[in-house]
file my_file_30.cif (mmCIF, N, CA and C atoms)
data_protein
#
loop_
_atom_site.group_PDB
_atom_site.id
_atom_site.type_symbol
_atom_site.label_atom_id
_atom_site.label_comp_id
_atom_site.auth_asym_id
_atom_site.auth_seq_id
_atom_site.Cartn_x
_atom_site.Cartn_y
_atom_site.Cartn_z
ATOM 1 N N MET A 1 15.045 -15.360 -8.790
ATOM 2 C CA MET A 1 16.013 -15.577 -7.749
ATOM 3 C C MET A 1 15.277 -15.602 -6.405
ATOM 4 N N THR A 2 15.612 -16.570 -5.579
ATOM 5 C CA THR A 2 15.021 -16.689 -4.255
ATOM 6 C C THR A 2 16.018 -16.189 -3.230
ATOM 7 N N HIS A 3 15.534 -15.385 -2.315
ATOM 8 C CA HIS A 3 16.390 -14.857 -1.258
ATOM 9 C C HIS A 3 16.080 -15.577 0.040
ATOM 10 N N ASN A 4 17.040 -15.641 0.919
ATOM 11 C CA ASN A 4 16.845 -16.244 2.231
ATOM 12 C C ASN A 4 16.368 -15.194 3.217
ATOM 13 N N ILE A 5 15.144 -14.763 3.054
ATOM 14 C CA ILE A 5 14.548 -13.781 3.948
ATOM 15 C C ILE A 5 13.598 -14.539 4.861
ATOM 16 N N PRO A 6 13.730 -14.366 6.174
ATOM 17 C CA PRO A 6 12.786 -15.034 7.074
ATOM 18 C C PRO A 6 11.353 -14.660 6.721
ATOM 19 N N GLU A 7 10.435 -15.617 6.829
ATOM 20 C CA GLU A 7 9.052 -15.411 6.396
ATOM 21 C C GLU A 7 8.383 -14.205 7.045
ATOM 22 N N PRO A 8 8.535 -13.963 8.357
ATOM 23 C CA PRO A 8 7.898 -12.765 8.917
ATOM 24 C C PRO A 8 8.394 -11.471 8.260
ATOM 25 N N THR A 9 9.669 -11.415 7.939
ATOM 26 C CA THR A 9 10.227 -10.241 7.271
ATOM 27 C C THR A 9 9.711 -10.138 5.843
ATOM 28 N N ALA A 10 9.665 -11.263 5.146
ATOM 29 C CA ALA A 10 9.145 -11.266 3.777
ATOM 30 C C ALA A 10 7.684 -10.827 3.763
ATOM 31 N N ASP A 11 6.911 -11.256 4.751
ATOM 32 C CA ASP A 11 5.504 -10.873 4.815
ATOM 33 C C ASP A 11 5.367 -9.372 5.045
ATOM 34 N N LEU A 12 6.202 -8.813 5.908
ATOM 35 C CA LEU A 12 6.178 -7.368 6.110
ATOM 36 C C LEU A 12 6.559 -6.643 4.826
ATOM 37 N N LEU A 13 7.565 -7.120 4.130
ATOM 38 C CA LEU A 13 7.964 -6.486 2.866
ATOM 39 C C LEU A 13 6.842 -6.554 1.837
ATOM 40 N N ARG A 14 6.103 -7.676 1.796
ATOM 41 C CA ARG A 14 4.960 -7.766 0.888
ATOM 42 C C ARG A 14 3.894 -6.738 1.258
ATOM 43 N N ALA A 15 3.665 -6.548 2.556
ATOM 44 C CA ALA A 15 2.668 -5.568 3.003
ATOM 45 C C ALA A 15 3.103 -4.148 2.631
ATOM 46 N N VAL A 16 4.384 -3.840 2.775
ATOM 47 C CA VAL A 16 4.884 -2.513 2.393
ATOM 48 C C VAL A 16 4.727 -2.324 0.887
ATOM 49 N N LEU A 17 5.014 -3.354 0.114
ATOM 50 C CA LEU A 17 4.826 -3.266 -1.333
ATOM 51 C C LEU A 17 3.355 -3.054 -1.670
ATOM 52 N N GLU A 18 2.452 -3.756 -0.977
ATOM 53 C CA GLU A 18 1.016 -3.558 -1.176
ATOM 54 C C GLU A 18 0.631 -2.103 -0.883
ATOM 55 N N ALA A 19 1.276 -1.521 0.113
ATOM 56 C CA ALA A 19 0.963 -0.138 0.480
ATOM 57 C C ALA A 19 1.342 0.834 -0.625
ATOM 58 N N LEU A 20 2.479 0.600 -1.242
ATOM 59 C CA LEU A 20 3.033 1.579 -2.177
ATOM 60 C C LEU A 20 2.730 1.298 -3.645
ATOM 61 N N ASP A 21 2.502 0.066 -3.986
ATOM 62 C CA ASP A 21 2.324 -0.329 -5.384
ATOM 63 C C ASP A 21 0.844 -0.338 -5.747
ATOM 64 N N ILE A 22 0.278 0.864 -5.853
ATOM 65 C CA ILE A 22 -1.131 0.990 -6.202
ATOM 66 C C ILE A 22 -1.244 1.429 -7.653
ATOM 67 N N PRO A 23 -2.395 1.187 -8.270
ATOM 68 C CA PRO A 23 -2.550 1.548 -9.684
ATOM 69 C C PRO A 23 -2.337 3.049 -9.929
ATOM 70 N N HIS A 24 -1.697 3.345 -11.031
ATOM 71 C CA HIS A 24 -1.479 4.733 -11.429
ATOM 72 C C HIS A 24 -2.791 5.368 -11.871
ATOM 73 N N PRO A 25 -2.933 6.682 -11.667
ATOM 74 C CA PRO A 25 -4.166 7.344 -12.104
ATOM 75 C C PRO A 25 -4.270 7.338 -13.626
ATOM 76 N N ALA A 26 -5.500 7.204 -14.102
ATOM 77 C CA ALA A 26 -5.730 7.132 -15.547
ATOM 78 C C ALA A 26 -5.646 8.498 -16.209
ATOM 79 N N THR A 27 -6.056 9.544 -15.492
ATOM 80 C CA THR A 27 -6.074 10.879 -16.076
ATOM 81 C C THR A 27 -5.495 11.879 -15.089
ATOM 82 N N PHE A 28 -5.191 13.054 -15.586
ATOM 83 C CA PHE A 28 -4.690 14.116 -14.728
ATOM 84 C C PHE A 28 -5.688 14.431 -13.617
ATOM 85 N N GLY A 29 -6.970 14.357 -13.924
ATOM 86 C CA GLY A 29 -8.004 14.637 -12.935
ATOM 87 C C GLY A 29 -8.056 13.631 -11.802
ATOM 88 N N ASP A 30 -7.456 12.464 -12.000
ATOM 89 C CA ASP A 30 -7.442 11.430 -10.971
ATOM 90 C C ASP A 30 -6.218 11.514 -10.065
ATOM 91 N N THR A 31 -5.283 12.388 -10.399
ATOM 92 C CA THR A 31 -4.024 12.413 -9.651
ATOM 93 C C THR A 31 -4.184 12.885 -8.209
ATOM 94 N N GLU A 32 -5.099 13.803 -7.956
ATOM 95 C CA GLU A 32 -5.256 14.324 -6.600
ATOM 96 C C GLU A 32 -5.714 13.222 -5.639
ATOM 97 N N GLN A 33 -6.725 12.467 -6.019
ATOM 98 C CA GLN A 33 -7.212 11.386 -5.164
ATOM 99 C C GLN A 33 -6.160 10.291 -5.035
ATOM 100 N N HIS A 34 -5.484 9.968 -6.128
ATOM 101 C CA HIS A 34 -4.405 8.977 -6.097
ATOM 102 C C HIS A 34 -3.334 9.402 -5.098
ATOM 103 N N ALA A 35 -2.955 10.669 -5.144
ATOM 104 C CA ALA A 35 -1.924 11.180 -4.239
ATOM 105 C C ALA A 35 -2.375 11.097 -2.782
ATOM 106 N N ARG A 36 -3.643 11.407 -2.517
ATOM 107 C CA ARG A 36 -4.157 11.305 -1.142
ATOM 108 C C ARG A 36 -4.081 9.872 -0.634
ATOM 109 N N VAL A 37 -4.547 8.946 -1.453
ATOM 110 C CA VAL A 37 -4.539 7.539 -1.062
ATOM 111 C C VAL A 37 -3.107 7.057 -0.851
ATOM 112 N N LEU A 38 -2.223 7.364 -1.790
ATOM 113 C CA LEU A 38 -0.837 6.914 -1.693
ATOM 114 C C LEU A 38 -0.141 7.524 -0.482
ATOM 115 N N THR A 39 -0.401 8.782 -0.194
ATOM 116 C CA THR A 39 0.204 9.437 0.964
ATOM 117 C C THR A 39 -0.222 8.760 2.264
ATOM 118 N N ASP A 40 -1.513 8.468 2.399
ATOM 119 C CA ASP A 40 -1.995 7.781 3.602
ATOM 120 C C ASP A 40 -1.348 6.405 3.742
ATOM 121 N N ARG A 41 -1.303 5.658 2.645
ATOM 122 C CA ARG A 41 -0.741 4.309 2.690
ATOM 123 C C ARG A 41 0.764 4.349 2.967
ATOM 124 N N ALA A 42 1.469 5.299 2.382
ATOM 125 C CA ALA A 42 2.908 5.434 2.630
ATOM 126 C C ALA A 42 3.179 5.795 4.089
ATOM 127 N N MET A 43 2.351 6.664 4.666
ATOM 128 C CA MET A 43 2.527 7.041 6.068
ATOM 129 C C MET A 43 2.436 5.805 6.968
ATOM 130 N N HIS A 44 1.456 4.949 6.715
ATOM 131 C CA HIS A 44 1.308 3.751 7.536
ATOM 132 C C HIS A 44 2.469 2.785 7.328
ATOM 133 N N ALA A 45 2.986 2.695 6.121
ATOM 134 C CA ALA A 45 4.152 1.855 5.866
ATOM 135 C C ALA A 45 5.371 2.381 6.615
ATOM 136 N N VAL A 46 5.552 3.687 6.627
ATOM 137 C CA VAL A 46 6.674 4.290 7.353
ATOM 138 C C VAL A 46 6.555 4.021 8.849
ATOM 139 N N ILE A 47 5.367 4.169 9.392
ATOM 140 C CA ILE A 47 5.154 3.894 10.818
ATOM 141 C C ILE A 47 5.508 2.445 11.124
ATOM 142 N N ALA A 48 5.077 1.526 10.275
ATOM 143 C CA ALA A 48 5.382 0.105 10.484
ATOM 144 C C ALA A 48 6.883 -0.138 10.440
ATOM 145 N N LEU A 49 7.551 0.453 9.464
ATOM 146 C CA LEU A 49 8.997 0.261 9.358
ATOM 147 C C LEU A 49 9.732 0.840 10.558
ATOM 148 N N HIS A 50 9.311 1.999 11.024
ATOM 149 C CA HIS A 50 9.915 2.563 12.234
ATOM 150 C C HIS A 50 9.742 1.606 13.400
ATOM 151 N N GLY A 51 8.561 0.999 13.513
ATOM 152 C CA GLY A 51 8.290 0.081 14.609
ATOM 153 C C GLY A 51 9.215 -1.119 14.612
ATOM 154 N N VAL A 52 9.417 -1.738 13.460
ATOM 155 C CA VAL A 52 10.260 -2.937 13.431
ATOM 156 C C VAL A 52 11.748 -2.610 13.452
ATOM 157 N N LEU A 53 12.105 -1.378 13.127
ATOM 158 C CA LEU A 53 13.518 -0.990 13.154
ATOM 159 C C LEU A 53 13.930 -0.399 14.498
ATOM 160 N N GLY A 54 13.012 -0.437 15.464
ATOM 161 C CA GLY A 54 13.376 -0.020 16.809
ATOM 162 C C GLY A 54 13.137 1.435 17.117
ATOM 163 N N ASP A 55 12.453 2.159 16.260
ATOM 164 C CA ASP A 55 12.175 3.574 16.497
ATOM 165 C C ASP A 55 10.828 3.781 17.177
ATOM 166 N N GLY A 56 10.252 2.721 17.665
ATOM 167 C CA GLY A 56 8.954 2.789 18.323
ATOM 168 C C GLY A 56 8.834 1.628 19.286
ATOM 169 N N PRO A 57 7.639 1.409 19.799
ATOM 170 C CA PRO A 57 7.467 0.288 20.722
ATOM 171 C C PRO A 57 7.699 -1.047 20.012
ATOM 172 N N ASP A 58 8.314 -1.995 20.709
ATOM 173 C CA ASP A 58 8.615 -3.310 20.136
ATOM 174 C C ASP A 58 7.394 -4.208 20.280
ATOM 175 N N LEU A 59 6.582 -4.243 19.230
ATOM 176 C CA LEU A 59 5.356 -5.035 19.250
ATOM 177 C C LEU A 59 5.505 -6.336 18.460
ATOM 178 N N GLY A 60 6.640 -6.519 17.843
ATOM 179 C CA GLY A 60 6.889 -7.722 17.058
ATOM 180 C C GLY A 60 6.535 -7.510 15.593
ATOM 181 N N ILE A 61 7.262 -8.189 14.742
ATOM 182 C CA ILE A 61 7.089 -7.994 13.300
ATOM 183 C C ILE A 61 5.738 -8.523 12.813
ATOM 184 N N GLU A 62 5.281 -9.642 13.377
ATOM 185 C CA GLU A 62 3.997 -10.193 12.940
ATOM 186 C C GLU A 62 2.856 -9.248 13.294
ATOM 187 N N TRP A 63 2.871 -8.713 14.524
ATOM 188 C CA TRP A 63 1.827 -7.777 14.950
ATOM 189 C C TRP A 63 1.854 -6.539 14.060
ATOM 190 N N THR A 64 3.054 -6.034 13.799
ATOM 191 C CA THR A 64 3.207 -4.838 12.978
ATOM 192 C C THR A 64 2.679 -5.068 11.563
ATOM 193 N N THR A 65 2.942 -6.236 11.005
ATOM 194 C CA THR A 65 2.451 -6.557 9.664
ATOM 195 C C THR A 65 0.928 -6.610 9.644
ATOM 196 N N THR A 66 0.342 -7.230 10.651
ATOM 197 C CA THR A 66 -1.117 -7.302 10.750
ATOM 198 C C THR A 66 -1.709 -5.909 10.897
ATOM 199 N N TYR A 67 -1.083 -5.090 11.728
ATOM 200 C CA TYR A 67 -1.532 -3.713 11.934
ATOM 201 C C TYR A 67 -1.467 -2.926 10.629
ATOM 202 N N LEU A 68 -0.367 -3.060 9.889
ATOM 203 C CA LEU A 68 -0.215 -2.347 8.618
ATOM 204 C C LEU A 68 -1.308 -2.769 7.645
ATOM 205 N N ARG A 69 -1.555 -4.053 7.529
ATOM 206 C CA ARG A 69 -2.594 -4.501 6.592
ATOM 207 C C ARG A 69 -3.972 -3.978 6.998
ATOM 208 N N ALA A 70 -4.227 -3.887 8.291
ATOM 209 C CA ALA A 70 -5.510 -3.329 8.750
ATOM 210 C C ALA A 70 -5.626 -1.861 8.360
ATOM 211 N N ARG A 71 -4.545 -1.101 8.495
ATOM 212 C CA ARG A 71 -4.574 0.310 8.106
ATOM 213 C C ARG A 71 -4.745 0.438 6.597
ATOM 214 N N LEU A 72 -4.109 -0.435 5.815
ATOM 215 C CA LEU A 72 -4.241 -0.384 4.363
ATOM 216 C C LEU A 72 -5.671 -0.670 3.937
ATOM 217 N N ALA A 73 -6.343 -1.562 4.654
ATOM 218 C CA ALA A 73 -7.740 -1.860 4.342
ATOM 219 C C ALA A 73 -8.621 -0.634 4.558
ATOM 220 N N GLU A 74 -8.216 0.253 5.465
ATOM 221 C CA GLU A 74 -8.955 1.500 5.706
ATOM 222 C C GLU A 74 -8.706 2.534 4.613
ATOM 223 N N HIS A 75 -7.656 2.335 3.833
ATOM 224 C CA HIS A 75 -7.274 3.279 2.777
ATOM 225 C C HIS A 75 -7.068 2.529 1.456
ATOM 226 N N PRO A 76 -8.148 1.925 0.935
ATOM 227 C CA PRO A 76 -7.993 1.168 -0.317
ATOM 228 C C PRO A 76 -7.689 2.107 -1.485
ATOM 229 N N PRO A 77 -7.016 1.588 -2.499
ATOM 230 C CA PRO A 77 -6.713 2.415 -3.667
ATOM 231 C C PRO A 77 -7.950 2.558 -4.553
ATOM 232 N N THR A 78 -8.916 3.323 -4.059
ATOM 233 C CA THR A 78 -10.170 3.551 -4.774
ATOM 234 C C THR A 78 -10.465 5.043 -4.789
ATOM 235 N N GLY A 79 -11.513 5.409 -5.501
ATOM 236 C CA GLY A 79 -11.928 6.807 -5.556
ATOM 237 C C GLY A 79 -11.350 7.558 -6.745
ATOM 238 N N TYR A 80 -10.622 6.837 -7.572
ATOM 239 C CA TYR A 80 -10.078 7.438 -8.788
ATOM 240 C C TYR A 80 -10.047 6.369 -9.876
ATOM 241 N N ARG A 81 -10.060 6.837 -11.133
ATOM 242 C CA ARG A 81 -9.900 5.900 -12.238
ATOM 243 C C ARG A 81 -8.432 5.581 -12.390
ATOM 244 N N ALA A 82 -8.148 4.296 -12.482
ATOM 245 C CA ALA A 82 -6.762 3.859 -12.612
ATOM 246 C C ALA A 82 -6.484 3.420 -14.041
ATOM 247 N N VAL A 83 -5.225 3.446 -14.406
ATOM 248 C CA VAL A 83 -4.812 2.944 -15.716
ATOM 249 C C VAL A 83 -5.301 1.504 -15.831
ATOM 250 N N GLY A 84 -5.942 1.209 -16.939
ATOM 251 C CA GLY A 84 -6.453 -0.130 -17.169
ATOM 252 C C GLY A 84 -7.888 -0.329 -16.746
ATOM 253 N N ASP A 85 -8.456 0.632 -15.981
ATOM 254 C CA ASP A 85 -9.877 0.534 -15.628
ATOM 255 C C ASP A 85 -10.695 0.658 -16.903
ATOM 256 N N ARG A 86 -11.782 -0.027 -16.934
ATOM 257 C CA ARG A 86 -12.682 0.075 -18.090
ATOM 258 C C ARG A 86 -13.909 0.857 -17.697
ATOM 259 N N ARG A 87 -14.375 1.633 -18.642
ATOM 260 C CA ARG A 87 -15.612 2.385 -18.425
ATOM 261 C C ARG A 87 -16.798 1.432 -18.489
ATOM 262 N N PRO A 88 -17.796 1.653 -17.633
ATOM 263 C CA PRO A 88 -18.981 0.798 -17.708
ATOM 264 C C PRO A 88 -19.609 0.875 -19.098
ATOM 265 N N GLY A 89 -19.891 -0.292 -19.695
ATOM 266 C CA GLY A 89 -20.541 -0.332 -20.993
ATOM 267 C C GLY A 89 -19.600 -0.093 -22.157
ATOM 268 N N GLY A 90 -18.337 0.131 -21.883
ATOM 269 C CA GLY A 90 -17.393 0.395 -22.968
ATOM 270 C C GLY A 90 -16.395 -0.717 -23.105
ATOM 271 N N ASP A 91 -15.681 -0.714 -24.205
ATOM 272 C CA ASP A 91 -14.662 -1.745 -24.389
ATOM 273 C C ASP A 91 -13.276 -1.115 -24.497
ATOM 274 N N ARG A 92 -13.176 0.153 -24.084
ATOM 275 C CA ARG A 92 -11.873 0.828 -24.049
ATOM 276 C C ARG A 92 -11.658 1.352 -22.642
ATOM 277 N N PRO A 93 -10.398 1.447 -22.203
ATOM 278 C CA PRO A 93 -10.130 2.030 -20.879
ATOM 279 C C PRO A 93 -10.494 3.493 -20.844
#
call {"tool": "encode", "arguments": {"input": "my_file_30.cif", "output": "structure tokens"}}
result
Amino acid sequence: MTHNIPEPTADLLRAVLEALDIPHPATFGDTEQHARVLTDRAMHAVIALHGVLGDGPDLGIEWTTTYLRARLAEHPPTGYRAVGDRRPGGDRP
């Protein structure tokens, strides 16, 4: 189904989804790092949403989306083994 969402809004929604939809940790030992990464990314998504909903300075939706993606690049979903990751030299996750 296609929705009639203006492209700048759709782009912001894609960026928010990128922030929150990160790979799940593969093991219990990976959950702490996963939680740290997800918390940082969620915080930046919340800040962006506050900005476009009028709870902050009006910088425009395009600027806010670019800013959010820059913050997400600073907090990549790395540093933990994710579900589906393969071990080096192995053929099982």
call {"tool": "residues_around", "arguments": {"input": "my_file_30.cif", "residues": "A:Ala45", "least_positions_apart": "4", "cutoff": "8 Å", "atoms": "all atoms listed in the file", "output": "list in words"}}
result
Ala15, Val16, Leu17, Ala19, Leu20, Thr39, Asp40, Arg41, Leu49, His50, Gly51, Leu68 and Leu72 of chain A
call {"tool": "atom_distance", "arguments": {"input": "my_file_30.cif", "atom1": "atom CA of A:Tyr67", "atom2": "atom CA of A:Ala48"}}
result
8.0 Å
call {"tool": "resolve_selection", "arguments": {"input": "my_file_30.cif", "expression": "the PyMOL selection byres ((chain A and resi 65) around 8)", "output": "number ranges by chain"}}
result
A: 8, 11-13, 15-16, 48, 59-64, 66-71
call {"tool": "select_by_dssp", "arguments": {"input": "my_file_30.cif", "residues": "stretch 39-85 of chain A", "states": "helix (DSSP H, G or I)", "output": "ChimeraX atom specification"}}
result
/A:39-52,61-74
call {"tool": "resolve_selection", "arguments": {"input": "my_file_30.cif", "expression": "the PyMOL selection byres ((chain A and resi 26-32) around 6.5)", "output": "ChimeraX atom specification"}}
result
/A:24-25,33-37,80-84
call {"tool": "atom_distance", "arguments": {"input": "my_file_30.cif", "atom1": "atom N of A:Pro77", "atom2": "atom N of A:His3"}}
result
28.2 Å
call {"tool": "axis_aligned_box", "arguments": {"input": "my_file_30.cif", "around": "stretch 66-75 of chain A", "padding_each_side": "4 Å", "output": "AutoDock Vina command-line options"}}
result
--center_x -4.3 --center_y -2.0 --center_z 6.7 --size_x 17.3 --size_y 18.6 --size_z 18.5
call {"tool": "build_atoms", "arguments": {"input": "my_file_30.cif", "residues": "stretch 17-41 of chain A", "atoms": "N, CA, C and O atoms", "output": "PDB file, in the coordinates of the input"}}
result
ATOM      1  N   LEU A  17       5.014  -3.354   0.114  1.00  0.00           N
ATOM      2  CA  LEU A  17       4.826  -3.266  -1.333  1.00  0.00           C
ATOM      3  C   LEU A  17       3.355  -3.054  -1.670  1.00  0.00           C
ATOM      4  O   LEU A  17       3.021  -2.234  -2.536  1.00  0.00           O
ATOM      5  N   GLU A  18       2.452  -3.756  -0.977  1.00  0.00           N
ATOM      6  CA  GLU A  18       1.016  -3.558  -1.176  1.00  0.00           C
ATOM      7  C   GLU A  18       0.631  -2.103  -0.883  1.00  0.00           C
ATOM      8  O   GLU A  18      -0.240  -1.542  -1.548  1.00  0.00           O
ATOM      9  N   ALA A  19       1.276  -1.521   0.113  1.00  0.00           N
ATOM     10  CA  ALA A  19       0.963  -0.138   0.480  1.00  0.00           C
ATOM     11  C   ALA A  19       1.342   0.834  -0.625  1.00  0.00           C
ATOM     12  O   ALA A  19       0.597   1.770  -0.918  1.00  0.00           O
ATOM     13  N   LEU A  20       2.479   0.600  -1.242  1.00  0.00           N
ATOM     14  CA  LEU A  20       3.033   1.579  -2.177  1.00  0.00           C
ATOM     15  C   LEU A  20       2.730   1.298  -3.645  1.00  0.00           C
ATOM     16  O   LEU A  20       2.719   2.225  -4.463  1.00  0.00           O
ATOM     17  N   ASP A  21       2.502   0.066  -3.986  1.00  0.00           N
ATOM     18  CA  ASP A  21       2.324  -0.329  -5.384  1.00  0.00           C
ATOM     19  C   ASP A  21       0.844  -0.338  -5.747  1.00  0.00           C
ATOM     20  O   ASP A  21       0.236  -1.383  -5.920  1.00  0.00           O
ATOM     21  N   ILE A  22       0.278   0.864  -5.853  1.00  0.00           N
ATOM     22  CA  ILE A  22      -1.131   0.990  -6.202  1.00  0.00           C
ATOM     23  C   ILE A  22      -1.244   1.429  -7.653  1.00  0.00           C
ATOM     24  O   ILE A  22      -0.290   1.975  -8.217  1.00  0.00           O
ATOM     25  N   PRO A  23      -2.395   1.187  -8.270  1.00  0.00           N
ATOM     26  CA  PRO A  23      -2.550   1.548  -9.684  1.00  0.00           C
ATOM     27  C   PRO A  23      -2.337   3.049  -9.929  1.00  0.00           C
ATOM     28  O   PRO A  23      -2.744   3.882  -9.122  1.00  0.00           O
ATOM     29  N   HIS A  24      -1.697   3.345 -11.031  1.00  0.00           N
ATOM     30  CA  HIS A  24      -1.479   4.733 -11.429  1.00  0.00           C
ATOM     31  C   HIS A  24      -2.791   5.368 -11.871  1.00  0.00           C
ATOM     32  O   HIS A  24      -3.661   4.689 -12.402  1.00  0.00           O
ATOM     33  N   PRO A  25      -2.933   6.682 -11.667  1.00  0.00           N
ATOM     34  CA  PRO A  25      -4.166   7.344 -12.104  1.00  0.00           C
ATOM     35  C   PRO A  25      -4.270   7.338 -13.626  1.00  0.00           C
ATOM     36  O   PRO A  25      -3.267   7.460 -14.329  1.00  0.00           O
ATOM     37  N   ALA A  26      -5.500   7.204 -14.102  1.00  0.00           N
ATOM     38  CA  ALA A  26      -5.730   7.132 -15.547  1.00  0.00           C
ATOM     39  C   ALA A  26      -5.646   8.498 -16.209  1.00  0.00           C
ATOM     40  O   ALA A  26      -5.232   8.614 -17.351  1.00  0.00           O
ATOM     41  N   THR A  27      -6.056   9.544 -15.492  1.00  0.00           N
ATOM     42  CA  THR A  27      -6.074  10.879 -16.076  1.00  0.00           C
ATOM     43  C   THR A  27      -5.495  11.879 -15.089  1.00  0.00           C
ATOM     44  O   THR A  27      -5.362  11.596 -13.899  1.00  0.00           O
ATOM     45  N   PHE A  28      -5.191  13.054 -15.586  1.00  0.00           N
ATOM     46  CA  PHE A  28      -4.690  14.116 -14.728  1.00  0.00           C
ATOM     47  C   PHE A  28      -5.688  14.431 -13.617  1.00  0.00           C
ATOM     48  O   PHE A  28      -5.318  14.696 -12.483  1.00  0.00           O
ATOM     49  N   GLY A  29      -6.970  14.357 -13.924  1.00  0.00           N
ATOM     50  CA  GLY A  29      -8.004  14.637 -12.935  1.00  0.00           C
ATOM     51  C   GLY A  29      -8.056  13.631 -11.802  1.00  0.00           C
ATOM     52  O   GLY A  29      -8.614  13.910 -10.745  1.00  0.00           O
ATOM     53  N   ASP A  30      -7.456  12.464 -12.000  1.00  0.00           N
ATOM     54  CA  ASP A  30      -7.442  11.430 -10.971  1.00  0.00           C
ATOM     55  C   ASP A  30      -6.218  11.514 -10.065  1.00  0.00           C
ATOM     56  O   ASP A  30      -6.137  10.798  -9.070  1.00  0.00           O
ATOM     57  N   THR A  31      -5.283  12.388 -10.399  1.00  0.00           N
ATOM     58  CA  THR A  31      -4.024  12.413  -9.651  1.00  0.00           C
ATOM     59  C   THR A  31      -4.184  12.885  -8.209  1.00  0.00           C
ATOM     60  O   THR A  31      -3.471  12.403  -7.332  1.00  0.00           O
ATOM     61  N   GLU A  32      -5.099  13.803  -7.956  1.00  0.00           N
ATOM     62  CA  GLU A  32      -5.256  14.324  -6.600  1.00  0.00           C
ATOM     63  C   GLU A  32      -5.714  13.222  -5.639  1.00  0.00           C
ATOM     64  O   GLU A  32      -5.147  13.062  -4.548  1.00  0.00           O
ATOM     65  N   GLN A  33      -6.725  12.467  -6.019  1.00  0.00           N
ATOM     66  CA  GLN A  33      -7.212  11.386  -5.164  1.00  0.00           C
ATOM     67  C   GLN A  33      -6.160  10.291  -5.035  1.00  0.00           C
ATOM     68  O   GLN A  33      -5.942   9.752  -3.958  1.00  0.00           O
ATOM     69  N   HIS A  34      -5.484   9.968  -6.128  1.00  0.00           N
ATOM     70  CA  HIS A  34      -4.405   8.977  -6.097  1.00  0.00           C
ATOM     71  C   HIS A  34      -3.334   9.402  -5.098  1.00  0.00           C
ATOM     72  O   HIS A  34      -2.876   8.601  -4.285  1.00  0.00           O
ATOM     73  N   ALA A  35      -2.955  10.669  -5.144  1.00  0.00           N
ATOM     74  CA  ALA A  35      -1.924  11.180  -4.239  1.00  0.00           C
ATOM     75  C   ALA A  35      -2.375  11.097  -2.782  1.00  0.00           C
ATOM     76  O   ALA A  35      -1.577  10.745  -1.900  1.00  0.00           O
ATOM     77  N   ARG A  36      -3.643  11.407  -2.517  1.00  0.00           N
ATOM     78  CA  ARG A  36      -4.157  11.305  -1.142  1.00  0.00           C
ATOM     79  C   ARG A  36      -4.081   9.872  -0.634  1.00  0.00           C
ATOM     80  O   ARG A  36      -3.611   9.613   0.480  1.00  0.00           O
ATOM     81  N   VAL A  37      -4.547   8.946  -1.453  1.00  0.00           N
ATOM     82  CA  VAL A  37      -4.539   7.539  -1.062  1.00  0.00           C
ATOM     83  C   VAL A  37      -3.107   7.057  -0.851  1.00  0.00           C
ATOM     84  O   VAL A  37      -2.788   6.426   0.167  1.00  0.00           O
ATOM     85  N   LEU A  38      -2.223   7.364  -1.790  1.00  0.00           N
ATOM     86  CA  LEU A  38      -0.837   6.914  -1.693  1.00  0.00           C
ATOM     87  C   LEU A  38      -0.141   7.524  -0.482  1.00  0.00           C
ATOM     88  O   LEU A  38       0.612   6.838   0.221  1.00  0.00           O
ATOM     89  N   THR A  39      -0.401   8.782  -0.194  1.00  0.00           N
ATOM     90  CA  THR A  39       0.204   9.437   0.964  1.00  0.00           C
ATOM     91  C   THR A  39      -0.222   8.760   2.264  1.00  0.00           C
ATOM     92  O   THR A  39       0.609   8.490   3.139  1.00  0.00           O
ATOM     93  N   ASP A  40      -1.513   8.468   2.399  1.00  0.00           N
ATOM     94  CA  ASP A  40      -1.995   7.781   3.602  1.00  0.00           C
ATOM     95  C   ASP A  40      -1.348   6.405   3.742  1.00  0.00           C
ATOM     96  O   ASP A  40      -0.898   6.019   4.822  1.00  0.00           O
ATOM     97  N   ARG A  41      -1.303   5.658   2.645  1.00  0.00           N
ATOM     98  CA  ARG A  41      -0.741   4.309   2.690  1.00  0.00           C
ATOM     99  C   ARG A  41       0.764   4.349   2.967  1.00  0.00           C
ATOM    100  O   ARG A  41       1.277   3.525   3.736  1.00  0.00           O
TER     101      ARG A  41
END
